[in-house]
>>> print(open('target_26.cif').read())   # mmCIF, C-alpha atoms and all ligand atoms
data_query
#
loop_
_atom_site.label_atom_id
_atom_site.label_comp_id
_atom_site.auth_asym_id
_atom_site.auth_seq_id
_atom_site.Cartn_x
_atom_site.Cartn_y
_atom_site.Cartn_z
CA MET A 1 89.19 90.21 106.86
CA ILE A 2 90.34 86.73 105.85
CA VAL A 3 88.13 83.71 105.19
CA VAL A 4 90.11 80.60 106.11
CA LEU A 5 88.87 77.50 104.27
CA SER A 6 88.93 74.00 105.71
CA SER A 7 91.96 72.02 104.57
CA GLY A 8 89.89 69.42 102.68
CA VAL A 9 87.57 71.96 101.01
CA SER A 10 86.13 70.77 97.69
CA LEU A 11 86.75 72.79 94.53
CA ARG A 12 83.00 73.23 94.24
CA ASP A 13 82.60 74.74 97.71
CA LYS A 14 85.60 76.97 97.11
CA ALA A 15 84.11 78.18 93.84
CA SER A 16 80.75 78.97 95.43
CA ILE A 17 82.39 80.99 98.22
CA VAL A 18 84.37 82.98 95.66
CA ARG A 19 81.26 83.48 93.50
CA PHE A 20 79.19 84.63 96.48
CA ILE A 21 81.78 87.27 97.41
CA GLU A 22 82.20 88.48 93.83
CA GLN A 23 78.47 88.62 93.17
CA ASN A 24 78.13 90.84 96.22
CA GLY A 25 80.71 93.25 94.85
CA GLY A 26 83.64 92.18 97.05
CA ARG A 27 87.19 92.24 95.67
CA LEU A 28 89.16 89.25 96.85
CA LEU A 29 92.60 87.79 97.01
CA VAL A 30 93.06 84.01 97.10
CA SER A 31 96.27 82.73 98.72
CA GLU A 32 97.29 79.08 98.95
CA LEU A 33 99.39 78.88 102.11
CA GLY A 34 100.61 75.29 102.25
CA GLU A 35 97.51 73.10 102.72
CA VAL A 36 95.24 75.97 103.60
CA THR A 37 93.42 78.42 101.35
CA HIS A 38 92.90 81.98 102.56
CA ILE A 39 90.45 84.30 100.84
CA GLY A 40 91.26 87.87 101.70
CA LEU A 41 88.42 90.39 101.34
CA VAL A 42 90.14 93.55 100.27
CA ASP A 43 87.36 96.14 100.58
CA GLU A 44 86.40 97.23 104.04
CA ALA A 45 82.72 97.24 102.99
CA ALA A 46 82.87 93.47 102.36
CA ARG A 47 82.95 92.89 106.13
CA ALA A 48 79.15 93.02 106.06
CA LEU A 49 79.17 89.66 104.21
CA ALA A 50 80.87 87.86 107.11
CA PRO A 51 77.75 86.42 108.81
CA GLN A 52 76.61 84.76 105.56
CA ILE A 53 80.07 83.52 104.56
CA GLU A 54 80.61 81.98 107.99
CA THR A 55 77.77 79.47 107.45
CA MET A 56 78.89 78.32 103.98
CA PRO A 57 80.29 74.79 103.56
CA GLY A 58 84.10 74.71 103.40
CA VAL A 59 84.65 77.73 105.65
CA ALA A 60 86.79 76.92 108.70
CA MET A 61 86.81 80.40 110.26
CA ILE A 62 86.80 84.11 109.60
CA ARG A 63 89.60 86.31 110.92
CA SER A 64 88.64 89.92 111.20
CA GLU A 65 91.92 91.26 112.69
CA THR A 66 94.13 91.35 109.63
CA PRO A 67 96.70 93.89 108.38
CA PRO A 68 95.34 96.78 106.29
CA TYR A 69 97.91 95.94 103.58
CA PRO A 70 96.73 92.46 102.49
CA GLN A 71 98.77 92.08 99.30
CA VAL A 72 102.17 92.97 100.73
CA SER A 73 101.51 91.16 103.99
CA ARG A 74 103.08 87.85 104.94
CA GLU A 75 99.52 86.67 105.56
CA HIS A 76 99.12 86.60 101.78
CA ARG A 77 102.44 85.05 100.89
CA MET A 78 104.64 82.98 103.20
CA GLY A 79 107.79 82.85 101.08
CA ASP A 80 110.02 85.83 100.33
CA THR A 81 109.41 87.74 97.12
CA ILE A 82 112.49 88.04 94.96
CA VAL A 83 112.55 91.11 92.74
CA ASP A 84 114.64 90.70 89.59
CA VAL A 85 116.24 93.80 88.13
CA GLY A 86 117.94 92.73 84.92
CA ARG A 87 120.18 89.85 86.01
CA VAL A 88 120.29 91.00 89.63
CA SER A 89 117.94 89.41 92.18
CA ILE A 90 116.97 91.34 95.31
CA GLY A 91 115.58 89.34 98.22
CA GLY A 92 117.56 86.11 97.84
CA THR A 93 120.71 84.99 99.65
CA GLU A 94 122.88 87.74 98.19
CA VAL A 95 122.91 91.17 99.83
CA VAL A 96 122.71 93.47 96.80
CA VAL A 97 124.76 96.66 96.92
CA ILE A 98 123.51 99.56 94.82
CA ALA A 99 125.98 102.43 94.56
CA GLY A 100 126.48 105.68 92.69
CA PRO A 101 126.25 109.43 93.02
CA CYS A 102 123.32 111.36 94.44
CA SER A 103 123.03 113.16 91.09
CA VAL A 104 124.32 112.42 87.62
CA GLU A 105 126.49 115.46 86.84
CA SER A 106 128.42 114.67 83.65
CA ALA A 107 129.38 111.79 81.34
CA ASP A 108 132.82 111.61 82.91
CA GLN A 109 131.57 111.71 86.48
CA ILE A 110 129.00 108.92 86.11
CA ALA A 111 131.30 106.71 84.01
CA THR A 112 134.18 107.05 86.51
CA ILE A 113 131.94 106.24 89.47
CA ALA A 114 130.23 103.35 87.64
CA ARG A 115 133.60 101.73 86.85
CA GLY A 116 134.84 102.30 90.39
CA VAL A 117 131.83 100.79 92.16
CA ALA A 118 131.51 97.90 89.69
CA GLY A 119 135.15 97.01 90.34
CA ALA A 120 134.50 96.96 94.09
CA GLY A 121 131.48 94.63 93.87
CA ALA A 122 128.42 96.87 93.44
CA ARG A 123 125.62 95.02 91.61
CA MET A 124 123.59 98.05 90.52
CA LEU A 125 124.23 101.68 89.71
CA ARG A 126 122.23 104.57 91.16
CA GLY A 127 122.11 108.20 90.05
CA GLY A 128 119.51 110.95 90.21
CA ALA A 129 118.45 112.83 87.07
CA PHE A 130 115.28 114.41 88.46
CA LYS A 131 116.19 115.60 91.96
CA PRO A 132 113.61 116.48 94.61
CA ARG A 133 115.51 119.32 96.35
CA THR A 134 114.37 121.16 99.46
CA SER A 135 115.39 124.51 97.94
CA PRO A 136 114.28 125.62 94.46
CA TYR A 137 117.73 127.21 94.08
CA SER A 138 119.64 123.94 94.54
CA PHE A 139 120.79 121.82 91.57
CA GLN A 140 117.67 120.10 90.22
CA GLY A 141 119.42 117.39 88.18
CA LEU A 142 120.19 117.03 84.47
CA GLY A 143 116.77 115.58 83.62
CA ALA A 144 116.55 113.63 80.35
CA GLU A 145 120.26 114.16 79.63
CA GLY A 146 121.12 112.70 83.05
CA LEU A 147 118.98 109.64 82.37
CA ALA A 148 120.82 108.97 79.11
CA LEU A 149 124.24 109.35 80.78
CA LEU A 150 123.20 106.98 83.58
CA ALA A 151 121.92 104.39 81.11
CA ALA A 152 125.16 104.60 79.11
CA ALA A 153 127.31 104.12 82.24
CA GLY A 154 125.10 101.19 83.28
CA SER A 155 125.42 99.46 79.95
CA GLU A 156 129.19 100.02 79.79
CA THR A 157 129.69 98.38 83.20
CA GLY A 158 126.85 95.83 82.93
CA LEU A 159 125.12 97.23 86.02
CA PRO A 160 121.33 97.69 85.99
CA VAL A 161 120.42 101.28 86.90
CA VAL A 162 117.96 102.82 89.34
CA THR A 163 116.87 106.45 89.27
CA GLU A 164 114.18 108.56 90.90
CA ILE A 165 110.91 109.51 89.24
CA VAL A 166 109.18 112.58 90.66
CA ALA A 167 106.18 113.10 88.37
CA PRO A 168 103.70 110.73 86.69
CA GLU A 169 104.17 112.46 83.32
CA ASP A 170 107.85 111.37 83.25
CA THR A 171 106.98 107.66 83.39
CA GLU A 172 107.54 106.88 79.72
CA LEU A 173 110.84 108.76 79.62
CA VAL A 174 112.21 107.16 82.80
CA THR A 175 111.04 103.60 82.07
CA ALA A 176 112.73 103.82 78.66
CA GLN A 177 116.13 104.48 80.29
CA ALA A 178 116.10 102.87 83.75
CA ASP A 179 115.89 99.28 84.95
CA MET A 180 114.28 100.25 88.27
CA LEU A 181 112.33 103.35 89.37
CA GLN A 182 112.89 104.97 92.74
CA ILE A 183 110.12 106.72 94.65
CA GLY A 184 111.92 109.05 97.03
CA ALA A 185 111.11 109.79 100.65
CA ARG A 186 109.34 113.05 99.74
CA ASN A 187 106.99 111.23 97.36
CA MET A 188 106.17 108.16 99.46
CA SER A 189 102.73 109.65 100.09
CA ASN A 190 102.14 110.86 96.53
CA PHE A 191 99.34 108.40 95.94
CA ARG A 192 98.81 109.25 92.26
CA LEU A 193 102.49 108.62 91.57
CA LEU A 194 102.30 105.34 93.50
CA SER A 195 99.31 104.16 91.47
CA GLU A 196 101.12 105.16 88.27
CA MET A 197 104.02 102.91 89.39
CA GLY A 198 101.59 100.01 89.49
CA ALA A 199 100.79 100.45 85.81
CA GLN A 200 104.33 100.57 84.37
CA PRO A 201 106.66 97.65 83.67
CA ARG A 202 109.71 98.36 85.87
CA PRO A 203 110.40 97.25 89.46
CA VAL A 204 110.05 99.98 92.08
CA LEU A 205 112.37 101.03 94.90
CA LEU A 206 110.10 102.65 97.49
CA LYS A 207 111.76 104.77 100.17
CA ARG A 208 110.27 105.41 103.56
CA GLY A 209 108.95 108.96 104.03
CA ILE A 210 110.87 111.30 106.31
CA ALA A 211 108.05 111.27 108.89
CA SER A 212 106.25 108.07 107.92
CA THR A 213 105.49 105.09 110.10
CA ILE A 214 106.32 101.56 109.03
CA GLU A 215 102.60 100.93 108.50
CA GLU A 216 102.37 103.96 106.19
CA LEU A 217 105.32 102.63 104.18
CA LEU A 218 103.57 99.26 103.83
CA LEU A 219 100.35 100.98 102.75
CA ALA A 220 102.31 102.96 100.15
CA ALA A 221 103.68 99.65 98.84
CA GLU A 222 100.11 98.30 98.81
CA TYR A 223 99.17 101.17 96.45
CA VAL A 224 101.78 100.01 93.93
CA VAL A 225 101.04 96.30 94.28
CA SER A 226 97.25 96.70 94.18
CA ALA A 227 97.62 98.83 91.03
CA GLY A 228 99.29 95.86 89.31
CA ASN A 229 103.02 95.84 90.04
CA SER A 230 104.23 93.36 92.65
CA ARG A 231 107.93 94.07 92.04
CA VAL A 232 108.49 96.44 94.94
CA VAL A 233 111.58 96.77 97.16
CA LEU A 234 111.26 98.79 100.39
CA CYS A 235 114.02 101.06 101.68
CA GLU A 236 114.68 102.37 105.19
CA ARG A 237 116.56 105.68 104.77
CA GLY A 238 116.28 107.32 108.20
CA ILE A 239 113.45 109.31 109.73
CA ARG A 240 113.27 112.77 111.24
CA THR A 241 113.49 112.81 115.04
CA PHE A 242 114.66 115.32 117.69
CA GLU A 243 118.26 114.10 117.20
CA THR A 244 120.51 116.54 115.33
CA ALA A 245 123.84 114.66 115.45
CA THR A 246 122.85 112.81 112.28
CA ARG A 247 120.91 114.07 109.24
CA ASN A 248 118.14 111.57 110.05
CA THR A 249 117.78 108.79 112.61
CA PHE A 250 118.53 105.41 111.05
CA ASP A 251 115.67 103.19 112.21
CA VAL A 252 117.43 99.83 112.19
CA SER A 253 114.42 98.21 113.86
CA ALA A 254 112.42 98.92 110.70
CA VAL A 255 114.39 96.15 109.00
CA PRO A 256 113.29 93.20 111.17
CA VAL A 257 109.80 94.68 111.61
CA LEU A 258 109.36 94.95 107.83
CA LYS A 259 110.82 91.48 107.27
CA ARG A 260 108.26 90.13 109.75
CA GLU A 261 105.32 92.02 108.19
CA THR A 262 105.96 91.71 104.48
CA HIS A 263 107.26 89.26 101.90
CA LEU A 264 108.81 92.14 99.90
CA PRO A 265 112.59 92.67 99.96
CA VAL A 266 113.93 95.35 102.33
CA ILE A 267 117.09 97.38 101.81
CA VAL A 268 118.77 100.19 103.74
CA ASP A 269 120.16 103.57 102.68
CA PRO A 270 122.77 104.56 105.28
CA SER A 271 123.84 107.67 103.29
CA HIS A 272 120.65 109.71 103.69
CA ALA A 273 120.26 108.43 107.25
CA ALA A 274 123.76 109.53 108.33
CA GLY A 275 124.34 112.63 106.23
CA ASP A 276 128.03 112.13 107.02
CA ARG A 277 130.35 109.76 105.14
CA SER A 278 132.26 108.78 108.28
CA LEU A 279 129.12 107.05 109.64
CA VAL A 280 127.97 105.32 106.47
CA SER A 281 129.79 101.99 106.71
CA SER A 282 128.75 101.45 110.37
CA LEU A 283 125.09 102.02 109.55
CA ALA A 284 125.33 99.84 106.45
CA ALA A 285 126.86 97.04 108.56
CA ALA A 286 124.06 97.40 111.13
CA GLY A 287 121.46 97.15 108.36
CA VAL A 288 123.00 93.99 106.91
CA ALA A 289 123.34 92.46 110.39
CA ALA A 290 119.64 93.21 110.98
CA GLY A 291 118.63 91.28 107.86
CA ALA A 292 118.56 93.84 105.03
CA ASP A 293 118.49 92.37 101.52
CA GLY A 294 120.55 95.20 100.12
CA VAL A 295 122.32 98.50 100.67
CA LEU A 296 121.86 101.71 98.66
CA VAL A 297 124.83 103.99 99.07
CA GLU A 298 126.02 107.30 97.61
CA VAL A 299 129.52 107.33 96.10
CA HIS A 300 131.31 110.18 94.32
CA ASN A 301 134.69 110.41 92.59
CA ASP A 302 135.18 113.91 94.07
CA PRO A 303 132.70 114.38 96.96
CA GLU A 304 133.97 117.89 97.77
CA ALA A 305 132.85 119.04 94.32
CA ALA A 306 129.54 117.10 94.28
CA LEU A 307 126.47 119.10 93.23
CA SER A 308 124.32 117.33 95.84
CA ASP A 309 124.89 115.31 99.01
CA GLY A 310 128.71 115.50 98.88
CA PRO A 311 129.18 115.31 102.69
CA GLN A 312 127.53 111.90 102.87
CA SER A 313 129.06 110.48 99.69
CA LEU A 314 131.80 107.88 100.03
CA THR A 315 134.90 108.16 97.87
CA ILE A 316 135.53 105.19 95.56
CA PRO A 317 138.32 103.82 97.85
CA GLY A 318 136.02 104.43 100.85
CA PHE A 319 133.33 102.40 99.10
CA ALA A 320 135.76 99.52 98.50
CA GLU A 321 136.69 99.59 102.19
CA MET A 322 133.03 99.48 103.20
CA MET A 323 132.47 96.49 100.91
CA THR A 324 135.19 94.49 102.68
CA LYS A 325 133.51 95.13 106.02
CA LEU A 326 130.01 94.39 104.68
CA ARG A 327 131.14 91.14 103.13
CA ALA A 328 132.30 89.87 106.54
CA VAL A 329 129.00 90.90 108.15
CA ALA A 330 126.99 89.29 105.34
CA VAL A 331 128.85 86.00 105.76
CA ALA A 332 128.31 86.16 109.55
CA VAL A 333 124.54 86.27 108.99
CA GLY A 334 124.51 83.53 106.36
CA ARG A 335 124.41 85.77 103.27
CA THR A 336 126.80 86.60 100.45
CA LEU A 337 127.81 89.99 99.11
CA GLY A 338 129.03 90.86 95.62
CA GLU A 339 132.40 89.43 94.76
CA THR A 340 134.83 91.89 93.22
CA VAL A 341 135.37 91.84 89.48
CA GLY A 342 138.83 91.10 87.99
C1 LIG A 401 118.28 110.15 96.92
O1 LIG A 401 118.27 108.92 96.89
O2 LIG A 401 119.18 110.85 96.41
C2 LIG A 401 117.21 110.83 97.68
C3 LIG A 401 116.80 112.06 97.37
O3 LIG A 401 116.76 110.08 98.70
P1 LIG A 401 115.56 110.31 99.74
O4 LIG A 401 114.32 110.37 98.90
O5 LIG A 401 115.63 109.13 100.64
O6 LIG A 401 115.84 111.62 100.46
MN MN A 402 121.01 112.09 97.75
#
>>> encode(input="target_26.cif", output="C-alpha cells")
Amino acid sequence: MIVVLSSGVSLRDKASIVRFIEQNGGRLLVSELGEVTHIGLVDEAARALAPQIETMPGVAMIRSETPPYPQVSREHRMGDTIVDVGRVSIGGTEVVVIAGPCSVESADQIATIARGVAGAGARMLRGGAFKPRTSPYSFQGLGAEGLALLAAAGSETGLPVVTEIVAPEDTELVTAQADMLQIGARNMSNFRLLSEMGAQPRPVLLKRGIASTIEELLLAAEYVVSAGNSRVVLCERGIRTFETATRNTFDVSAVPVLKRETHLPVIVDPSHAAGDRSLVSSLAAAGVAAGADGVLVEVHNDPEAALSDGPQSLTIPGFAEMMTKLRAVAVAVGRTLGETVG
C-alpha cells in the first residue's frame, strides 16, 4: 500500500502522517519521486490504517495495488541503482563482463584464466570456492584455499572478484576475500542466507532459482535489501523447463521484465543457461540486446580437464571472440563494453 502525498504538502502535515503510521506500529518507506512524496507501508497489517490516513491533511490518495517487493520496486526509486564493486560500476552505461572458471582449481589455473580474461576486456573475475554440487561425489571446491587463490589472481590483474557463499557461517571468511558475494540458483530461496547477506558489507549477486518466477526472484532481493544491503545485482541464468536441448531455458524476457519492475541492475549468465559452449556467445548477445547490464560467463584455460562445468566453459580465445561480438551488440543498443587492455 502506498500513501501518495499532495505535491504541495507541508513538512508539518508530512511529519504527522509519518508519526501516525509509526505510532500505530507500521514500518514505512518514504520515497521522493520528483515532486511527489510516496509513503510505502511495508507491513501487510498496516492496511487497516488506510481509512484514517485517507482523511489526513496532505494525503492525495492511497494506492492499495502495489508490488509485494516495495524496496526493490521502481515504485520506490525511479532512477537506476548503480552497484559499485571496487572500481567497477554495474548498472551504468557500460555492460560489465564478469568471467572466470566455474571452480578455482589451482594457483596456476586461476592466474592463467584471470590474465586471459583481463586481457580480453573482462571487468571482474569469477571463481567458485564453495561449490553447490548436485552430487555429493562431485568436486566440492577448494574452500578457504580457493578463496585465497581467487583473491590473489584478482589483485594481480586488478579485477574485483565474485564468489559463491553457500552457508551463513562462512560470511566472515568470504567477505574477507571477495569483493562481491554470489547467491547461487540453489540458494535463492534460502531465506536465512538472504537475510545474512543484508547484514554484511559486500554487494550481492543474486541468481534466479532453477524453478523460480521473476516475482520470487524480486522477493528474494527484497529479503537482502530489507535486511540492510541495497547493493544487489540480479542474474538470469536459465530456468528448468520441458526442453532438453539446452541445460536450462534462457529466459531472455526476464531481462526487460526485471528492468521494468526494479531499479536494481540485471545481468545474464549464458553459461549455466546453455550448458554448451557453442551456444554461449549467442545467448550472451541476446541478453545484452535485451538490456542486460552485464554478462557472467564461465571461461577455462583447459575446459576438457575442468573439474566442473567444462562443457559450457569458453576457452580463453573463445572468450575473446565473444567479446568482439558483444561489443558490437552493446554499441548497437547505446552501451559500451570493456575495452581490451594493452
Ligand atoms: C555457478 O555460478 O557456478 C553456479 C553454480 O551457478 P548457478 O547457481 O546459477 O547454478
Ligand atoms: Mn558453474
>>> closest_residue(input="target_26.cif", among="A:Ala245, A:Val225, A:Val268, A:Cys102", to="ligand LIG 401 (chain A)", atoms="all atoms listed in the file")
A:Cys102
>>> residues_around(input="target_26.cif", residues="Ala199 of chain A", least_positions_apart="6", cutoff="8 Å", atoms="only C-alpha atoms", output="list in words")
Ala227, Gly228 and Asn229 of chain A
>>> atom_distance(input="target_26.cif", atom1="atom CA of Leu149 of chain A", atom2="atom CA of Glu304 of chain A")
21.4 Å
>>> closest_atom_pairs(input="target_26.cif", of="chain A", to="ligand LIG 401 (chain A)", cutoff="8 Å", atoms="all atoms listed in the file", output="Markdown table")
| residue | atom | partner | partner_atom | distance |
| --- | --- | --- | --- | --- |
| A:Pro101 | CA | A:LIG401 | O2 | 8.0 |
| A:Cys102 | CA | A:LIG401 | O2 | 4.6 |
| A:Ser103 | CA | A:LIG401 | O2 | 7.0 |
| A:Gly127 | CA | A:LIG401 | O2 | 7.5 |
| A:Gly128 | CA | A:LIG401 | O2 | 6.2 |
| A:Lys131 | CA | A:LIG401 | C3 | 6.5 |
| A:Pro132 | CA | A:LIG401 | C3 | 6.1 |
| A:Arg133 | CA | A:LIG401 | C3 | 7.4 |
| A:Glu164 | CA | A:LIG401 | O1 | 7.3 |
| A:Gln182 | CA | A:LIG401 | O1 | 7.9 |
| A:Ile183 | CA | A:LIG401 | O4 | 7.0 |
| A:Gly184 | CA | A:LIG401 | O4 | 3.3 |
| A:Ala185 | CA | A:LIG401 | O4 | 3.7 |
| A:Arg186 | CA | A:LIG401 | O4 | 5.7 |
| A:Asn187 | CA | A:LIG401 | O4 | 7.5 |
| A:Lys207 | CA | A:LIG401 | O5 | 5.8 |
| A:Arg208 | CA | A:LIG401 | O5 | 7.1 |
| A:Gly209 | CA | A:LIG401 | O5 | 7.5 |
| A:Ile210 | CA | A:LIG401 | O6 | 7.7 |
| A:Arg237 | CA | A:LIG401 | O5 | 5.5 |
| A:Gly238 | CA | A:LIG401 | O5 | 7.8 |
| A:Asp269 | CA | A:LIG401 | O5 | 7.5 |
| A:His272 | CA | A:LIG401 | O5 | 5.9 |
| A:Glu298 | CA | A:LIG401 | O2 | 7.8 |
| A:Asp309 | CA | A:LIG401 | O2 | 7.7 |
>>> atom_distance(input="target_26.cif", atom1="atom CA of Gly26 of chain A", atom2="atom CA of Thr66 of chain A")
16.4 Å
>>> residues_around(input="target_26.cif", residues="Met322 of chain A", least_positions_apart="3", cutoff="6 Å", atoms="all atoms listed in the file", output="list in words")
Ser281, Phe319 and Lys325 of chain A
>>> atom_distance(input="target_26.cif", atom1="atom CA of Ala328 of chain A", atom2="atom CA of Gly119 of chain A")
17.9 Å
>>> residues_around(input="target_26.cif", residues="Gln140 of chain A", least_positions_apart="2", cutoff="12 Å", atoms="all atoms listed in the file", output="PyMOL selection string")
chain A and resi 102-105+128-138+142-144+146+166+307-308
>>> axis_aligned_box(input="target_26.cif", around="segment 40-46 of chain A", padding_each_side="8 Å", output="AutoDock Vina command-line options")
--center_x 87.0 --center_y 92.6 --center_z 102.2 --size_x 24.5 --size_y 25.4 --size_z 19.8
>>> closest_residue(input="target_26.cif", among="A:Val72, A:Val255, A:Ala292, A:Ile21", to="Ile39 of chain A", atoms="all atoms listed in the file")
A:Ile21
>>> closest_residue(input="target_26.cif", among="A:Leu181, A:Ala45, A:Val59, A:Ile239", to="Val9 of chain A", atoms="only C-alpha atoms")
A:Val59
>>> closest_residue(input="target_26.cif", among="A:Arg240, A:Arg123, A:Arg247, A:Arg231", to="Val297 of chain A", atoms="all atoms listed in the file")
A:Arg123
>>> closest_residue(input="target_26.cif", among="A:Arg335, A:Lys259, A:Arg126, A:Arg27", to="ligand MN 402 (chain A)", atoms="all atoms listed in the file")
A:Arg126
>>> residues_near_point(input="target_26.cif", point="(130.8, 93.7, 109.1)", cutoff="9 Å", atoms="all atoms listed in the file", output="list of chain:residue names")
A:Ser281, A:Ser282, A:Ala284, A:Ala285, A:Ala286, A:Val288, A:Ala289, A:Met322, A:Met323, A:Thr324, A:Lys325, A:Leu326, A:Arg327, A:Ala328, A:Val329, A:Ala330, A:Val331, A:Ala332
>>> closest_residue(input="target_26.cif", among="A:Thr244, A:Ser106, A:Thr262, A:Thr81", to="Leu217 of chain A", atoms="only C-alpha atoms")
A:Thr262
>>> residues_around(input="target_26.cif", residues="Asp302 of chain A", least_positions_apart="6", cutoff="10 Å", atoms="only C-alpha atoms", output="ChimeraX atom specification")
/A:109,113,310,313-316
>>> write_last_selection(input="target_26.cif", atoms="C-alpha atoms", output="PDB file, in the frame of the given file")
ATOM      1  CA  GLN A 109     131.570 111.710  86.480  1.00  0.00           C
ATOM      2  CA  ILE A 113     131.940 106.240  89.470  1.00  0.00           C
ATOM      3  CA  GLY A 310     128.710 115.500  98.880  1.00  0.00           C
ATOM      4  CA  SER A 313     129.060 110.480  99.690  1.00  0.00           C
ATOM      5  CA  LEU A 314     131.800 107.880 100.030  1.00  0.00           C
ATOM      6  CA  THR A 315     134.900 108.160  97.870  1.00  0.00           C
ATOM      7  CA  ILE A 316     135.530 105.190  95.560  1.00  0.00           C
TER       8      ILE A 316
END
>>> residues_around(input="target_26.cif", residues="Leu159 of chain A", least_positions_apart="6", cutoff="8 Å", atoms="all atoms listed in the file", output="list of chain:residue names")
A:Ala118, A:Arg123, A:Met124, A:Leu125
>>> residues_near_point(input="target_26.cif", point="(101.1, 109.8, 97.1)", cutoff="12 Å", atoms="only C-alpha atoms", output="PDB file with C-alpha atoms, in the coordinates of the input")
ATOM      1  CA  VAL A 166     109.180 112.580  90.660  1.00  0.00           C
ATOM      2  CA  ALA A 167     106.180 113.100  88.370  1.00  0.00           C
ATOM      3  CA  PRO A 168     103.700 110.730  86.690  1.00  0.00           C
ATOM      4  CA  ILE A 183     110.120 106.720  94.650  1.00  0.00           C
ATOM      5  CA  GLY A 184     111.920 109.050  97.030  1.00  0.00           C
ATOM      6  CA  ALA A 185     111.110 109.790 100.650  1.00  0.00           C
ATOM      7  CA  ARG A 186     109.340 113.050  99.740  1.00  0.00           C
ATOM      8  CA  ASN A 187     106.990 111.230  97.360  1.00  0.00           C
ATOM      9  CA  MET A 188     106.170 108.160  99.460  1.00  0.00           C
ATOM     10  CA  SER A 189     102.730 109.650 100.090  1.00  0.00           C
ATOM     11  CA  ASN A 190     102.140 110.860  96.530  1.00  0.00           C
ATOM     12  CA  PHE A 191      99.340 108.400  95.940  1.00  0.00           C
ATOM     13  CA  ARG A 192      98.810 109.250  92.260  1.00  0.00           C
ATOM     14  CA  LEU A 193     102.490 108.620  91.570  1.00  0.00           C
ATOM     15  CA  LEU A 194     102.300 105.340  93.500  1.00  0.00           C
ATOM     16  CA  SER A 195      99.310 104.160  91.470  1.00  0.00           C
ATOM     17  CA  GLU A 196     101.120 105.160  88.270  1.00  0.00           C
ATOM     18  CA  MET A 197     104.020 102.910  89.390  1.00  0.00           C
ATOM     19  CA  LEU A 206     110.100 102.650  97.490  1.00  0.00           C
ATOM     20  CA  GLY A 209     108.950 108.960 104.030  1.00  0.00           C
ATOM     21  CA  GLU A 216     102.370 103.960 106.190  1.00  0.00           C
ATOM     22  CA  LEU A 217     105.320 102.630 104.180  1.00  0.00           C
ATOM     23  CA  LEU A 219     100.350 100.980 102.750  1.00  0.00           C
ATOM     24  CA  ALA A 220     102.310 102.960 100.150  1.00  0.00           C
ATOM     25  CA  ALA A 221     103.680  99.650  98.840  1.00  0.00           C
ATOM     26  CA  GLU A 222     100.110  98.300  98.810  1.00  0.00           C
ATOM     27  CA  TYR A 223      99.170 101.170  96.450  1.00  0.00           C
ATOM     28  CA  VAL A 224     101.780 100.010  93.930  1.00  0.00           C
TER      29      VAL A 224
END
>>> decode(input="target_26.cif", residues="segment 217-230 of chain A", atoms="N, CA and C atoms", output="short mmCIF file (atom, residue, chain, number, x, y, z; two decimals), in the first residue's frame")
data_model
loop_
_atom_site.label_atom_id
_atom_site.label_comp_id
_atom_site.auth_asym_id
_atom_site.auth_seq_id
_atom_site.Cartn_x
_atom_site.Cartn_y
_atom_site.Cartn_z
N LEU A 217 12.13 -14.10 -7.51
CA LEU A 217 13.49 -13.53 -7.53
C LEU A 217 13.47 -12.13 -6.90
N LEU A 218 12.47 -11.33 -7.26
CA LEU A 218 12.39 -9.98 -6.71
C LEU A 218 12.14 -10.01 -5.20
N LEU A 219 11.35 -10.97 -4.74
CA LEU A 219 11.11 -11.09 -3.29
C LEU A 219 12.38 -11.55 -2.57
N ALA A 220 13.18 -12.39 -3.22
CA ALA A 220 14.46 -12.80 -2.64
C ALA A 220 15.37 -11.57 -2.50
N ALA A 221 15.38 -10.72 -3.53
CA ALA A 221 16.17 -9.48 -3.46
C ALA A 221 15.64 -8.58 -2.34
N GLU A 222 14.33 -8.56 -2.17
CA GLU A 222 13.72 -7.75 -1.11
C GLU A 222 14.21 -8.21 0.27
N TYR A 223 14.43 -9.52 0.44
CA TYR A 223 14.99 -10.03 1.70
C TYR A 223 16.33 -9.37 2.00
N VAL A 224 17.20 -9.31 0.99
CA VAL A 224 18.54 -8.75 1.20
C VAL A 224 18.45 -7.25 1.47
N VAL A 225 17.67 -6.56 0.64
CA VAL A 225 17.58 -5.10 0.75
C VAL A 225 16.92 -4.71 2.07
N SER A 226 15.83 -5.41 2.44
CA SER A 226 15.13 -5.04 3.68
C SER A 226 15.95 -5.39 4.91
N ALA A 227 16.94 -6.28 4.75
CA ALA A 227 17.82 -6.60 5.88
C ALA A 227 19.00 -5.63 5.94
N GLY A 228 19.06 -4.65 5.03
CA GLY A 228 20.05 -3.59 5.18
C GLY A 228 21.09 -3.44 4.09
N ASN A 229 21.00 -4.25 3.02
CA ASN A 229 22.02 -4.13 1.97
C ASN A 229 21.34 -3.87 0.63
N SER A 230 21.47 -2.64 0.14
CA SER A 230 20.77 -2.31 -1.11
C SER A 230 21.64 -2.56 -2.34
#
